[in-house]
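K.L.:
Okay, here's the structure, questions in a sec.
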Amino acid sequence: MNKIQNCEECEFMKMYNYGKKIYYCNHENRKDDLGKLRVGHLPEINPEWCPIKEK
């Protein structure tokens, strides 16, 4: 059984703060060029384009 990993547990999740916390994926094989996950808080489930989810 595969465990679905959420972004909070992922080593590629990064955050920067420009007045608001902006979370993004820093994986080099992501299909979304920006890698933006969410503003303010992390999503509860991985986005469809998540490279870790595909494995």
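Following the order of the structure tokens, first chain is A, next is B, and so on, with residues numbered from 1 inside each chain and ligands from 1 in the order they appear.
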Find the residues near region 16-19 of chain A: any atom within 12 Å, counting only C-alpha atoms, skip ones fewer than 3 places away on the same chain, and give them as a VMD selection string.

P.N.:
chain A and resid 13 22 to 26 36 to 41

K.L.:
How would the residues just picked look written out with all heavy atoms as a CSV table (one decimal), in the first residue's frame?

P.N.:
chain,number,residue,atom,x,y,z
A,13,MET,N,9.3,21.0,-0.4
A,13,MET,CA,8.4,22.1,-0.1
A,13,MET,C,9.3,23.2,0.5
A,13,MET,O,10.1,23.0,1.4
A,13,MET,CB,7.4,21.6,0.9
A,13,MET,CG,6.3,22.7,1.2
A,13,MET,SD,6.8,24.0,2.4
A,13,MET,CE,7.0,23.1,3.9
A,22,ILE,N,4.2,32.1,1.3
A,22,ILE,CA,3.9,31.5,0.0
A,22,ILE,C,4.7,30.2,-0.1
A,22,ILE,O,5.9,30.2,0.1
A,22,ILE,CB,4.3,32.5,-1.1
A,22,ILE,CG1,3.5,33.8,-1.0
A,22,ILE,CG2,4.1,31.8,-2.5
A,22,ILE,CD1,3.9,34.9,-2.0
A,23,TYR,N,4.0,29.1,-0.2
A,23,TYR,CA,4.6,27.8,-0.3
A,23,TYR,C,4.7,27.4,-1.7
A,23,TYR,O,3.8,27.6,-2.6
A,23,TYR,CB,3.7,26.8,0.5
A,23,TYR,CG,3.6,27.1,1.9
A,23,TYR,CD1,2.5,27.9,2.4
A,23,TYR,CD2,4.5,26.7,2.8
A,23,TYR,CE1,2.4,28.2,3.8
A,23,TYR,CE2,4.4,27.0,4.2
A,23,TYR,CZ,3.4,27.7,4.7
A,23,TYR,OH,3.3,28.0,6.0
A,24,TYR,N,5.9,26.7,-2.0
A,24,TYR,CA,6.1,26.3,-3.4
A,24,TYR,C,6.9,25.0,-3.4
A,24,TYR,O,7.5,24.6,-2.4
A,24,TYR,CB,6.8,27.3,-4.2
A,24,TYR,CG,8.2,27.6,-3.8
A,24,TYR,CD1,9.3,27.1,-4.5
A,24,TYR,CD2,8.5,28.5,-2.8
A,24,TYR,CE1,10.6,27.3,-4.1
A,24,TYR,CE2,9.8,28.8,-2.4
A,24,TYR,CZ,10.8,28.2,-3.0
A,24,TYR,OH,12.1,28.5,-2.7
A,25,CYS,N,6.8,24.3,-4.5
A,25,CYS,CA,7.6,23.0,-4.7
A,25,CYS,C,8.9,23.3,-5.4
A,25,CYS,O,8.9,23.9,-6.5
A,25,CYS,CB,6.7,22.0,-5.5
A,25,CYS,SG,7.6,20.5,-5.9
A,26,ASN,N,10.0,22.8,-4.9
A,26,ASN,CA,11.3,23.1,-5.5
A,26,ASN,C,11.9,21.9,-6.2
A,26,ASN,O,13.1,21.8,-6.4
A,26,ASN,CB,12.3,23.6,-4.4
A,26,ASN,CG,13.5,24.3,-4.9
A,26,ASN,OD1,13.4,24.9,-6.0
A,26,ASN,ND2,14.6,24.2,-4.2
A,36,LYS,N,4.0,26.8,-7.4
A,36,LYS,CA,3.2,27.4,-6.3
A,36,LYS,C,2.2,26.4,-5.8
A,36,LYS,O,1.4,25.8,-6.5
A,36,LYS,CB,2.5,28.6,-6.8
A,36,LYS,CG,1.9,29.4,-5.7
A,36,LYS,CD,1.3,30.7,-6.3
A,36,LYS,CE,0.6,31.6,-5.2
A,36,LYS,NZ,0.1,32.8,-5.8
A,37,LEU,N,2.2,26.2,-4.5
A,37,LEU,CA,1.3,25.4,-3.8
A,37,LEU,C,0.1,26.1,-3.2
A,37,LEU,O,-1.0,25.8,-3.5
A,37,LEU,CB,2.0,24.6,-2.7
A,37,LEU,CG,3.2,23.7,-3.1
A,37,LEU,CD1,4.0,23.2,-1.9
A,37,LEU,CD2,2.6,22.5,-3.9
A,38,ARG,N,0.4,27.1,-2.4
A,38,ARG,CA,-0.7,27.9,-1.8
A,38,ARG,C,-0.1,29.1,-1.1
A,38,ARG,O,1.0,29.1,-0.7
A,38,ARG,CB,-1.5,27.0,-0.9
A,38,ARG,CG,-2.7,27.7,-0.4
A,38,ARG,CD,-3.7,26.8,0.2
A,38,ARG,NE,-4.4,26.0,-0.8
A,38,ARG,CZ,-5.3,25.1,-0.5
A,38,ARG,NH1,-5.6,24.8,0.8
A,38,ARG,NH2,-5.9,24.4,-1.4
A,39,VAL,N,-1.0,30.1,-0.8
A,39,VAL,CA,-0.6,31.2,0.0
A,39,VAL,C,-1.3,31.1,1.3
A,39,VAL,O,-2.5,30.8,1.4
A,39,VAL,CB,-1.1,32.5,-0.7
A,39,VAL,CG1,-0.8,33.7,0.1
A,39,VAL,CG2,-0.4,32.7,-2.1
A,40,GLY,N,-0.6,31.3,2.4
A,40,GLY,CA,-1.1,31.3,3.7
A,40,GLY,C,-1.0,30.0,4.5
A,40,GLY,O,-0.6,30.0,5.6
A,41,HIS,N,-1.3,28.9,3.8
A,41,HIS,CA,-1.1,27.6,4.4
A,41,HIS,C,-1.0,26.5,3.3
A,41,HIS,O,-1.3,26.8,2.2
A,41,HIS,CB,-2.3,27.3,5.3
A,41,HIS,CG,-3.6,27.2,4.6
A,41,HIS,ND1,-4.3,28.3,4.3
A,41,HIS,CD2,-4.3,26.2,4.1
A,41,HIS,CE1,-5.4,28.0,3.6
A,41,HIS,NE2,-5.4,26.7,3.5

K.L.:
Do a neighbour search on Cys50 (chain A) at 9 Å with only C-alpha atoms, toss out local chain neighbours closer than 4 positions, and write the hits as number ranges by chain.

P.N.:
A: 25, 27, 29-32, 35, 46, 54

K.L.:
Please write the residues from the selection above to a file, keeping all heavy atoms, as an mmCIF file, in the first residue's frame.

P.N.:
data_model
loop_
_atom_site.group_PDB
_atom_site.id
_atom_site.type_symbol
_atom_site.label_atom_id
_atom_site.label_comp_id
_atom_site.auth_asym_id
_atom_site.auth_seq_id
_atom_site.Cartn_x
_atom_site.Cartn_y
_atom_site.Cartn_z
ATOM 1 N N CYS A 25 6.848 24.264 -4.489
ATOM 2 C CA CYS A 25 7.577 23.010 -4.672
ATOM 3 C C CYS A 25 8.874 23.315 -5.408
ATOM 4 O O CYS A 25 8.866 23.946 -6.461
ATOM 5 C CB CYS A 25 6.732 22.027 -5.486
ATOM 6 S SG CYS A 25 7.596 20.484 -5.850
ATOM 7 N N HIS A 27 11.021 20.932 -6.548
ATOM 8 C CA HIS A 27 11.464 19.718 -7.228
ATOM 9 C C HIS A 27 11.783 20.047 -8.687
ATOM 10 O O HIS A 27 11.000 20.702 -9.365
ATOM 11 C CB HIS A 27 10.373 18.641 -7.153
ATOM 12 C CG HIS A 27 10.844 17.287 -7.524
ATOM 13 N ND1 HIS A 27 11.076 16.908 -8.816
ATOM 14 C CD2 HIS A 27 11.129 16.216 -6.747
ATOM 15 C CE1 HIS A 27 11.482 15.653 -8.838
ATOM 16 N NE2 HIS A 27 11.526 15.205 -7.592
ATOM 17 N N ASN A 29 11.768 18.255 -11.342
ATOM 18 C CA ASN A 29 10.941 17.583 -12.346
ATOM 19 C C ASN A 29 9.458 17.929 -12.244
ATOM 20 O O ASN A 29 8.630 17.241 -12.817
ATOM 21 C CB ASN A 29 11.109 16.065 -12.236
ATOM 22 C CG ASN A 29 12.494 15.633 -12.623
ATOM 23 O OD1 ASN A 29 13.137 16.245 -13.469
ATOM 24 N ND2 ASN A 29 12.994 14.594 -11.995
ATOM 25 N N ARG A 30 9.121 18.994 -11.540
ATOM 26 C CA ARG A 30 7.707 19.365 -11.428
ATOM 27 C C ARG A 30 7.182 19.800 -12.791
ATOM 28 O O ARG A 30 7.913 20.381 -13.599
ATOM 29 C CB ARG A 30 7.515 20.456 -10.391
ATOM 30 C CG ARG A 30 8.133 21.775 -10.769
ATOM 31 C CD ARG A 30 7.921 22.811 -9.672
ATOM 32 N NE ARG A 30 8.482 24.068 -10.073
ATOM 33 C CZ ARG A 30 9.692 24.508 -9.760
ATOM 34 N NH1 ARG A 30 10.483 23.768 -8.998
ATOM 35 N NH2 ARG A 30 10.131 25.667 -10.177
ATOM 36 N N LYS A 31 5.926 19.509 -13.056
ATOM 37 C CA LYS A 31 5.317 19.867 -14.337
ATOM 38 C C LYS A 31 4.819 21.302 -14.344
ATOM 39 O O LYS A 31 4.659 21.903 -15.384
ATOM 40 C CB LYS A 31 4.162 18.916 -14.650
ATOM 41 C CG LYS A 31 4.643 17.506 -14.918
ATOM 42 C CD LYS A 31 3.495 16.576 -15.189
ATOM 43 C CE LYS A 31 4.000 15.164 -15.387
ATOM 44 N NZ LYS A 31 2.924 14.206 -15.543
ATOM 45 N N ASP A 32 4.553 21.857 -13.178
ATOM 46 C CA ASP A 32 4.122 23.240 -13.052
ATOM 47 C C ASP A 32 5.377 24.092 -12.917
ATOM 48 O O ASP A 32 6.147 23.935 -11.974
ATOM 49 C CB ASP A 32 3.230 23.379 -11.813
ATOM 50 C CG ASP A 32 2.741 24.785 -11.610
ATOM 51 O OD1 ASP A 32 3.585 25.667 -11.359
ATOM 52 O OD2 ASP A 32 1.516 24.995 -11.676
ATOM 53 N N GLY A 35 5.545 26.056 -9.569
ATOM 54 C CA GLY A 35 5.578 25.199 -8.395
ATOM 55 C C GLY A 35 4.800 25.746 -7.216
ATOM 56 O O GLY A 35 4.938 25.261 -6.104
ATOM 57 N N ASN A 46 -1.655 16.571 -2.016
ATOM 58 C CA ASN A 46 -0.698 16.971 -3.050
ATOM 59 C C ASN A 46 -1.433 17.445 -4.299
ATOM 60 O O ASN A 46 -2.461 16.887 -4.656
ATOM 61 C CB ASN A 46 0.180 15.787 -3.441
ATOM 62 C CG ASN A 46 1.100 15.343 -2.342
ATOM 63 O OD1 ASN A 46 0.984 15.778 -1.204
ATOM 64 N ND2 ASN A 46 2.005 14.465 -2.667
ATOM 65 N N GLU A 54 3.567 10.836 -8.369
ATOM 66 C CA GLU A 54 3.611 9.957 -9.535
ATOM 67 C C GLU A 54 4.404 8.684 -9.303
ATOM 68 O O GLU A 54 4.246 7.716 -9.998
ATOM 69 C CB GLU A 54 4.187 10.719 -10.731
ATOM 70 C CG GLU A 54 3.292 11.837 -11.201
ATOM 71 C CD GLU A 54 3.912 12.615 -12.339
ATOM 72 O OE1 GLU A 54 5.063 12.335 -12.719
ATOM 73 O OE2 GLU A 54 3.243 13.516 -12.844
#

K.L.:
What is the CA of Trp49 (chain A) to CA of Lys21 (chain A) distance in Å?

P.N.:
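The value is 21.1 Å.
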
K.L.:
Please measure the separation of CA of Lys20 (chain A) and CA of Glu48 (chain A), giving the value in Å to one decimal.

P.N.:
23.9 Å

K.L.:
Between CA of Ile45 (chain A) and CA of Glu9 (chain A), what is the distance in Å, rounded to a tenth?

P.N.:
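Computed distance, CA of Ile45 (chain A) to CA of Glu9 (chain A), equals 11.0 Å.
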
K.L.:
Write down as a ChimeraX atom specification the residues of region 15-45 of chain A whose backbone DSSP state falls under strand (DSSP E or B).

P.N.:
/A:15-17,21-25,36-39
